[in-house]
$ cat coords.pdb   # PDB, C-alpha atoms
ATOM      1  CA  MET B  99      44.136  -4.390  89.501  1.00  0.00           C
ATOM      2  CA  THR B 100      47.226  -3.635  87.422  1.00  0.00           C
ATOM      3  CA  LEU B 101      49.290  -3.912  90.603  1.00  0.00           C
ATOM      4  CA  TYR B 102      47.885  -7.398  91.235  1.00  0.00           C
ATOM      5  CA  PHE B 103      48.821  -8.519  87.729  1.00  0.00           C
ATOM      6  CA  THR B 104      52.283  -7.044  88.151  1.00  0.00           C
ATOM      7  CA  ILE B 105      52.838  -8.861  91.454  1.00  0.00           C
ATOM      8  CA  CYS B 106      51.729 -12.182  89.937  1.00  0.00           C
ATOM      9  CA  ALA B 107      53.992 -11.634  86.914  1.00  0.00           C
ATOM     10  CA  THR B 108      56.911 -10.821  89.229  1.00  0.00           C
ATOM     11  CA  LEU B 109      56.353 -13.979  91.268  1.00  0.00           C
ATOM     12  CA  LYS B 110      56.123 -16.024  88.087  1.00  0.00           C
ATOM     13  CA  ALA B 111      59.318 -14.438  86.765  1.00  0.00           C
ATOM     14  CA  ALA B 112      61.171 -15.280  89.989  1.00  0.00           C
ATOM     15  CA  ALA B 113      59.963 -18.894  89.892  1.00  0.00           C
ATOM     16  CA  THR B 114      60.922 -19.203  86.232  1.00  0.00           C
ATOM     17  CA  ALA B 115      64.368 -17.737  86.860  1.00  0.00           C
ATOM     18  CA  ALA B 116      64.931 -20.196  89.705  1.00  0.00           C
ATOM     19  CA  ASP B 117      63.848 -23.060  87.453  1.00  0.00           C
ATOM     20  CA  VAL B 118      66.142 -21.967  84.633  1.00  0.00           C
ATOM     21  CA  SER B 119      69.119 -21.799  87.028  1.00  0.00           C
ATOM     22  CA  LYS B 120      68.915 -25.549  87.736  1.00  0.00           C
ATOM     23  CA  ALA B 121      71.583 -27.530  85.941  1.00  0.00           C
ATOM     24  CA  ASP B 122      69.747 -30.811  85.220  1.00  0.00           C
ATOM     25  CA  TRP B 123      68.394 -30.029  81.775  1.00  0.00           C
ATOM     26  CA  THR B 124      66.243 -32.701  80.140  1.00  0.00           C
ATOM     27  CA  ALA B 125      63.697 -32.611  77.335  1.00  0.00           C
ATOM     28  CA  SER B 126      60.805 -32.643  79.825  1.00  0.00           C
ATOM     29  CA  ARG B 127      62.369 -29.838  81.871  1.00  0.00           C
ATOM     30  CA  LEU B 128      62.869 -27.809  78.707  1.00  0.00           C
ATOM     31  CA  VAL B 129      59.161 -28.124  77.926  1.00  0.00           C
ATOM     32  CA  ASP B 130      58.299 -27.298  81.547  1.00  0.00           C
ATOM     33  CA  VAL B 131      60.399 -24.130  81.455  1.00  0.00           C
ATOM     34  CA  GLY B 132      58.820 -23.260  78.113  1.00  0.00           C
ATOM     35  CA  ALA B 133      55.385 -23.478  79.714  1.00  0.00           C
ATOM     36  CA  ASN B 134      56.491 -21.140  82.502  1.00  0.00           C
ATOM     37  CA  ILE B 135      57.934 -18.652  80.027  1.00  0.00           C
ATOM     38  CA  ALA B 136      54.726 -18.740  77.962  1.00  0.00           C
ATOM     39  CA  ALA B 137      52.696 -18.062  81.130  1.00  0.00           C
ATOM     40  CA  LEU B 138      54.982 -15.187  82.067  1.00  0.00           C
ATOM     41  CA  GLY B 139      54.714 -13.696  78.586  1.00  0.00           C
ATOM     42  CA  PHE B 140      50.932 -13.727  78.773  1.00  0.00           C
ATOM     43  CA  MET B 141      50.874 -12.131  82.225  1.00  0.00           C
ATOM     44  CA  VAL B 142      53.255  -9.365  81.131  1.00  0.00           C
ATOM     45  CA  LEU B 143      51.110  -8.694  78.049  1.00  0.00           C
ATOM     46  CA  VAL B 144      48.014  -8.464  80.278  1.00  0.00           C
ATOM     47  CA  VAL B 145      49.753  -5.752  82.312  1.00  0.00           C
ATOM     48  CA  LEU B 146      50.834  -3.823  79.205  1.00  0.00           C
ATOM     49  CA  THR B 147      47.440  -3.942  77.494  1.00  0.00           C
ATOM     50  CA  THR B 148      45.672  -2.983  80.720  1.00  0.00           C
ATOM     51  CA  VAL B 149      47.844   0.111  81.040  1.00  0.00           C
ATOM     52  CA  ALA B 150      47.579   1.121  77.359  1.00  0.00           C
ATOM     53  CA  ARG B 151      43.911   0.301  76.685  1.00  0.00           C
ATOM     54  CA  LEU B 152      41.495   2.732  75.042  1.00  0.00           C
ATOM     55  CA  PRO B 153      38.816   4.508  77.093  1.00  0.00           C
ATOM     56  CA  PRO B 154      35.520   2.587  77.164  1.00  0.00           C
ATOM     57  CA  VAL B 155      32.539   3.761  75.138  1.00  0.00           C
ATOM     58  CA  LYS B 156      30.121   1.669  77.212  1.00  0.00           C
ATOM     59  CA  THR B 157      30.339  -0.242  80.505  1.00  0.00           C
ATOM     60  CA  ALA B 158      28.040  -2.885  81.994  1.00  0.00           C
ATOM     61  CA  GLN B 159      25.885  -1.530  84.790  1.00  0.00           C
ATOM     62  CA  GLY B 160      25.258  -3.175  88.149  1.00  0.00           C
ATOM     63  CA  ILE B 161      27.375  -5.108  90.622  1.00  0.00           C
ATOM     64  CA  GLU B 162      27.156  -8.611  89.122  1.00  0.00           C
ATOM     65  CA  PRO B 163      29.225  -7.872  85.968  1.00  0.00           C
ATOM     66  CA  ARG B 164      31.963  -6.362  88.124  1.00  0.00           C
ATOM     67  CA  ILE B 165      32.012  -9.267  90.590  1.00  0.00           C
ATOM     68  CA  SER B 166      32.039 -11.836  87.779  1.00  0.00           C
ATOM     69  CA  ALA B 167      34.876 -10.055  85.985  1.00  0.00           C
ATOM     70  CA  LEU B 168      37.011  -9.675  89.091  1.00  0.00           C
ATOM     71  CA  ILE B 169      36.518 -13.245  90.325  1.00  0.00           C
ATOM     72  CA  GLY B 170      36.988 -14.756  86.870  1.00  0.00           C
ATOM     73  CA  CYS B 171      40.125 -12.747  86.187  1.00  0.00           C
ATOM     74  CA  PHE B 172      41.753 -13.036  89.613  1.00  0.00           C
ATOM     75  CA  ALA B 173      40.971 -16.748  89.879  1.00  0.00           C
ATOM     76  CA  THR B 174      42.579 -17.316  86.472  1.00  0.00           C
ATOM     77  CA  ILE B 175      45.756 -15.445  87.378  1.00  0.00           C
ATOM     78  CA  THR B 176      45.870 -17.178  90.763  1.00  0.00           C
ATOM     79  CA  LEU B 177      45.643 -20.593  89.096  1.00  0.00           C
ATOM     80  CA  VAL B 178      48.432 -19.649  86.687  1.00  0.00           C
ATOM     81  CA  ALA B 179      50.614 -18.658  89.653  1.00  0.00           C
ATOM     82  CA  PHE B 180      49.994 -21.933  91.555  1.00  0.00           C
ATOM     83  CA  PRO B 181      53.154 -23.890  92.500  1.00  0.00           C
ATOM     84  CA  ARG B 182      53.587 -27.089  90.504  1.00  0.00           C
ATOM     85  CA  PRO B 183      53.686 -30.417  92.382  1.00  0.00           C
ATOM     86  CA  GLN B 184      55.534 -33.516  91.226  1.00  0.00           C
ATOM     87  CA  VAL B 185      53.440 -35.648  88.849  1.00  0.00           C
ATOM     88  CA  ALA B 186      54.150 -38.525  86.471  1.00  0.00           C
ATOM     89  CA  GLN B 187      56.587 -37.482  83.757  1.00  0.00           C
ATOM     90  CA  GLN B 188      54.208 -38.417  80.932  1.00  0.00           C
ATOM     91  CA  LEU B 189      51.379 -36.374  82.457  1.00  0.00           C
ATOM     92  CA  GLU B 190      53.745 -33.474  83.063  1.00  0.00           C
ATOM     93  CA  LEU B 191      54.847 -33.459  79.430  1.00  0.00           C
ATOM     94  CA  ILE B 192      51.286 -33.590  78.073  1.00  0.00           C
ATOM     95  CA  ALA B 193      50.115 -30.879  80.483  1.00  0.00           C
ATOM     96  CA  ASP B 194      53.045 -28.599  79.642  1.00  0.00           C
ATOM     97  CA  LEU B 195      52.507 -28.998  75.892  1.00  0.00           C
ATOM     98  CA  VAL B 196      48.797 -28.180  76.269  1.00  0.00           C
ATOM     99  CA  THR B 197      49.698 -25.147  78.408  1.00  0.00           C
ATOM    100  CA  ILE B 198      52.284 -23.883  75.917  1.00  0.00           C
ATOM    101  CA  VAL B 199      49.834 -24.152  73.019  1.00  0.00           C
ATOM    102  CA  GLY B 200      47.124 -22.438  75.074  1.00  0.00           C
ATOM    103  CA  PHE B 201      49.331 -19.563  76.196  1.00  0.00           C
ATOM    104  CA  ALA B 202      50.755 -19.068  72.711  1.00  0.00           C
ATOM    105  CA  LEU B 203      47.206 -18.740  71.372  1.00  0.00           C
ATOM    106  CA  CYS B 204      46.263 -16.432  74.288  1.00  0.00           C
ATOM    107  CA  ILE B 205      49.202 -14.165  73.490  1.00  0.00           C
ATOM    108  CA  LEU B 206      48.136 -14.065  69.833  1.00  0.00           C
ATOM    109  CA  CYS B 207      44.531 -13.195  70.744  1.00  0.00           C
ATOM    110  CA  LEU B 208      45.531 -10.585  73.321  1.00  0.00           C
ATOM    111  CA  TRP B 209      48.044  -9.023  70.947  1.00  0.00           C
ATOM    112  CA  TRP B 210      45.355  -8.824  68.256  1.00  0.00           C
ATOM    113  CA  LEU B 211      42.823  -7.377  70.695  1.00  0.00           C
ATOM    114  CA  GLY B 212      45.432  -4.844  71.818  1.00  0.00           C
ATOM    115  CA  ARG B 213      44.093  -1.650  73.309  1.00  0.00           C
ATOM    116  CA  SER B 214      40.521  -2.977  73.246  1.00  0.00           C
ATOM    117  CA  PHE B 215      41.319  -5.388  76.099  1.00  0.00           C
ATOM    118  CA  SER B 216      39.054  -5.092  79.141  1.00  0.00           C
ATOM    119  CA  ILE B 217      38.827  -6.722  82.537  1.00  0.00           C
ATOM    120  CA  LEU B 218      35.319  -5.474  83.254  1.00  0.00           C
ATOM    121  CA  ALA B 219      32.506  -5.883  80.733  1.00  0.00           C
ATOM    122  CA  GLN B 220      33.266  -2.818  78.610  1.00  0.00           C
ATOM    123  CA  ALA B 221      33.145  -1.879  74.947  1.00  0.00           C
ATOM    124  CA  ARG B 222      36.166  -0.006  73.588  1.00  0.00           C
ATOM    125  CA  ARG B 223      36.481  -0.945  69.914  1.00  0.00           C
ATOM    126  CA  LEU B 224      34.855  -3.796  68.013  1.00  0.00           C
ATOM    127  CA  VAL B 225      37.461  -6.293  66.795  1.00  0.00           C
ATOM    128  CA  THR B 226      36.184  -8.782  64.192  1.00  0.00           C
ATOM    129  CA  THR B 227      39.359  -9.771  62.334  1.00  0.00           C
ATOM    130  CA  GLY B 228      42.173 -12.239  62.983  1.00  0.00           C
ATOM    131  CA  PRO B 229      41.224 -14.748  65.717  1.00  0.00           C
ATOM    132  CA  TYR B 230      37.980 -12.804  66.211  1.00  0.00           C
ATOM    133  CA  GLN B 231      36.949 -13.794  62.705  1.00  0.00           C
ATOM    134  CA  ILE B 232      36.888 -17.438  63.845  1.00  0.00           C
ATOM    135  CA  VAL B 233      35.009 -17.050  67.157  1.00  0.00           C
ATOM    136  CA  ARG B 234      33.666 -14.025  69.008  1.00  0.00           C
ATOM    137  CA  HIS B 235      35.623 -14.694  72.207  1.00  0.00           C
ATOM    138  CA  PRO B 236      38.847 -16.490  71.198  1.00  0.00           C
ATOM    139  CA  LEU B 237      40.757 -15.314  74.260  1.00  0.00           C
ATOM    140  CA  TYR B 238      38.345 -17.162  76.564  1.00  0.00           C
ATOM    141  CA  THR B 239      38.590 -20.279  74.381  1.00  0.00           C
ATOM    142  CA  CYS B 240      42.381 -20.208  74.559  1.00  0.00           C
ATOM    143  CA  GLU B 241      42.313 -19.553  78.305  1.00  0.00           C
ATOM    144  CA  ALA B 242      40.176 -22.696  78.678  1.00  0.00           C
ATOM    145  CA  ILE B 243      42.948 -24.655  76.938  1.00  0.00           C
ATOM    146  CA  VAL B 244      45.475 -23.159  79.360  1.00  0.00           C
ATOM    147  CA  LEU B 245      43.318 -24.036  82.361  1.00  0.00           C
ATOM    148  CA  ALA B 246      43.012 -27.628  81.155  1.00  0.00           C
ATOM    149  CA  GLY B 247      46.803 -27.842  80.930  1.00  0.00           C
ATOM    150  CA  ILE B 248      47.349 -26.258  84.324  1.00  0.00           C
ATOM    151  CA  ILE B 249      44.895 -28.599  86.019  1.00  0.00           C
ATOM    152  CA  LEU B 250      46.515 -31.607  84.330  1.00  0.00           C
ATOM    153  CA  ARG B 251      49.873 -30.383  85.654  1.00  0.00           C
ATOM    154  CA  ASN B 252      48.409 -29.687  89.089  1.00  0.00           C
ATOM    155  CA  PRO B 253      45.745 -32.408  89.625  1.00  0.00           C
ATOM    156  CA  THR B 254      44.694 -31.391  93.130  1.00  0.00           C
ATOM    157  CA  PHE B 255      41.247 -30.716  94.568  1.00  0.00           C
ATOM    158  CA  THR B 256      42.220 -27.078  95.090  1.00  0.00           C
ATOM    159  CA  ALA B 257      43.259 -26.565  91.472  1.00  0.00           C
ATOM    160  CA  VAL B 258      40.150 -28.334  90.170  1.00  0.00           C
ATOM    161  CA  GLY B 259      37.954 -26.236  92.487  1.00  0.00           C
ATOM    162  CA  VAL B 260      39.553 -23.005  91.332  1.00  0.00           C
ATOM    163  CA  GLY B 261      39.216 -24.179  87.724  1.00  0.00           C
ATOM    164  CA  ILE B 262      35.475 -24.734  88.155  1.00  0.00           C
ATOM    165  CA  VAL B 263      35.114 -21.262  89.656  1.00  0.00           C
ATOM    166  CA  VAL B 264      37.041 -19.827  86.715  1.00  0.00           C
ATOM    167  CA  PHE B 265      34.827 -21.525  84.126  1.00  0.00           C
ATOM    168  CA  ILE B 266      31.611 -20.354  85.830  1.00  0.00           C
ATOM    169  CA  PHE B 267      32.620 -16.729  86.175  1.00  0.00           C
ATOM    170  CA  GLN B 268      34.368 -16.536  82.809  1.00  0.00           C
ATOM    171  CA  TYR B 269      31.106 -17.611  81.192  1.00  0.00           C
ATOM    172  CA  ARG B 270      29.292 -14.877  83.096  1.00  0.00           C
ATOM    173  CA  ARG B 271      31.900 -12.408  81.804  1.00  0.00           C
ATOM    174  CA  ILE B 272      31.140 -13.506  78.257  1.00  0.00           C
ATOM    175  CA  VAL B 273      27.384 -13.052  78.750  1.00  0.00           C
ATOM    176  CA  ASN B 274      27.895  -9.579  80.211  1.00  0.00           C
ATOM    177  CA  GLU B 275      30.343  -8.562  77.488  1.00  0.00           C
ATOM    178  CA  GLU B 276      27.893  -9.686  74.809  1.00  0.00           C
ATOM    179  CA  LYS B 277      25.215  -7.397  76.238  1.00  0.00           C
ATOM    180  CA  VAL B 278      27.571  -4.408  76.297  1.00  0.00           C
ATOM    181  CA  LEU B 279      28.888  -5.026  72.787  1.00  0.00           C
ATOM    182  CA  ARG B 280      25.370  -5.370  71.370  1.00  0.00           C
ATOM    183  CA  ALA B 281      24.382  -2.085  73.012  1.00  0.00           C
ATOM    184  CA  ALA B 282      27.515  -0.251  71.885  1.00  0.00           C
ATOM    185  CA  PHE B 283      27.871  -1.465  68.297  1.00  0.00           C
ATOM    186  CA  SER B 284      24.903  -1.812  65.940  1.00  0.00           C
ATOM    187  CA  GLU B 285      26.904  -4.188  63.700  1.00  0.00           C
ATOM    188  CA  TYR B 286      27.488  -6.682  66.521  1.00  0.00           C
ATOM    189  CA  ASP B 287      24.235  -8.573  65.885  1.00  0.00           C
ATOM    190  CA  SER B 288      25.270  -9.269  62.298  1.00  0.00           C
ATOM    191  CA  TYR B 289      28.742 -10.329  63.440  1.00  0.00           C
ATOM    192  CA  ALA B 290      27.264 -12.646  66.093  1.00  0.00           C
ATOM    193  CA  ARG B 291      24.960 -14.331  63.577  1.00  0.00           C
ATOM    194  CA  THR B 292      27.882 -15.407  61.394  1.00  0.00           C
ATOM    195  CA  THR B 293      30.552 -16.056  64.041  1.00  0.00           C
ATOM    196  CA  PRO B 294      30.265 -18.707  66.812  1.00  0.00           C
ATOM    197  CA  MET B 295      30.805 -17.665  70.417  1.00  0.00           C
ATOM    198  CA  LEU B 296      33.595 -19.949  71.607  1.00  0.00           C
ATOM    199  CA  VAL B 297      34.037 -23.089  69.498  1.00  0.00           C
ATOM    200  CA  PRO B 298      34.992 -22.802  65.806  1.00  0.00           C
ATOM    201  CA  THR B 299      32.661 -24.492  63.357  1.00  0.00           C
ATOM    202  CA  LEU B 300      33.696 -26.319  60.224  1.00  0.00           C
ATOM    203  CA  LYS B 301      32.303 -24.690  57.109  1.00  0.00           C
ATOM    204  CA  LEU B 302      31.933 -27.370  54.462  1.00  0.00           C
ATOM    205  CA  THR B 303      31.835 -26.144  50.897  1.00  0.00           C
ATOM    206  CA  ARG B 304      30.752 -28.149  47.864  1.00  0.00           C
TER
END
$ encode --input "coords.pdb" --output "structure tokens"
Amino acid sequence: MTLYFTICATLKAAATAADVSKADWTASRLVDVGANIAALGFMVLVVLTTVARLPPVKTAQGIEPRISALIGCFATITLVAFPRPQVAQQLELIADLVTIVGFALCILCLWWLGRSFSILAQARRLVTTGPYQIVRHPLYTCEAIVLAGIILRNPTFTAVGVGIVVFIFQYRRIVNEEKVLRAAFSEYDSYARTTPMLVPTLKLTR
């Protein structure tokens, strides 16, 4: 699994280096390269946190959680590594800006999660601060932003199909992770009652 991430990061690095070597710098190309660099940074951080993660205290049982985790994760990385076709300049700029914001937030969430990061549905350490104080699964929320940007930048039937697969299996990952976290940490129920799953809620005070 780590090898797969490393290969994808290497391919992304090579594509980014080739893009940077082109001489025709424009504002839109600068944003495009920024999106590629943000994607590369996230992929490298995934490799590092996978290698350095803590041992699990509890793991989901059965085949479905493993299949959902592998398909959701691999499909996401595959979509990130997709080649980018030519699209309208305005759409390209919007898509790249959405992708940059999404990846920047993903890097923040993954950095905060640190050694508790898991591919499979596993409990390592309960993180409830930082981005995890806003929603229970901020990394998945930020990945959804990235996927929206990538699909906008690559509006093909293949990319949309892969995106749908990603959303379905990422949701299954969330459901499976919730079960493991509830079983591993007695305080998770209290945390879940006060913290939304994916979408932040506005707390109005008088």
$ atom_distance --input "coords.pdb" --atom1 "atom CA of Ile175 of chain B" --atom2 "atom CA of Cys106 of chain B"
7.3 Å
$ closest_atom_pairs --input "coords.pdb" --of "segment 212-250 of chain B" --to "segment 138-159 of chain B" --cutoff "6 Å" --atoms "all atoms listed in the file" --output "tab-separated table"
residue	atom	partner	partner_atom	distance
B:Arg213	CA	B:Arg151	CA	3.9
B:Ser214	CA	B:Arg151	CA	5.8
B:Ala219	CA	B:Ala158	CA	5.5
B:Gln220	CA	B:Thr157	CA	4.3
B:Ala221	CA	B:Lys156	CA	5.2
B:Arg222	CA	B:Pro154	CA	4.5
$ write_last_selection --input "coords.pdb" --atoms "C-alpha atoms" --output "CSV table (one decimal), keeping the file's coordinate frame"
chain,number,residue,atom,x,y,z
B,213,ARG,CA,44.1,-1.6,73.3
B,214,SER,CA,40.5,-3.0,73.2
B,219,ALA,CA,32.5,-5.9,80.7
B,220,GLN,CA,33.3,-2.8,78.6
B,221,ALA,CA,33.1,-1.9,74.9
B,222,ARG,CA,36.2,0.0,73.6
$ closest_residue --input "coords.pdb" --among "B:Leu211, B:Pro229, B:Gln268, B:Pro183" --to "Val297 of chain B" --atoms "only C-alpha atoms"
B:Pro229
$ closest_residue --input "coords.pdb" --among "B:Val263, B:Ala133, B:Met295, B:Val185" --to "Pro236 of chain B" --atoms "all atoms listed in the file"
B:Met295
$ residues_around --input "coords.pdb" --residues "Leu245 of chain B" --least-positions-apart "6" --cutoff "9 Å" --atoms "all atoms listed in the file" --output "count of residues only"
7
$ atom_distance --input "coords.pdb" --atom1 "atom CA of Ala282 of chain B" --atom2 "atom CA of Leu168 of chain B"
21.8 Å
$ residues_around --input "coords.pdb" --residues "Asp130 of chain B" --least-positions-apart "6" --cutoff "8 Å" --atoms "only C-alpha atoms" --output "count of residues only"
3
$ closest_residue --input "coords.pdb" --among "B:Leu237, B:Leu206, B:Leu128, B:Leu218" --to "Gly170 of chain B" --atoms "all atoms listed in the file"
B:Leu218
$ closest_residue --input "coords.pdb" --among "B:Ser284, B:Thr293, B:Asn274, B:Gln188" --to "Ser126 of chain B" --atoms "all atoms listed in the file"
B:Gln188
$ atom_distance --input "coords.pdb" --atom1 "atom CA of Ile262 of chain B" --atom2 "atom CA of Glu162 of chain B"
18.2 Å
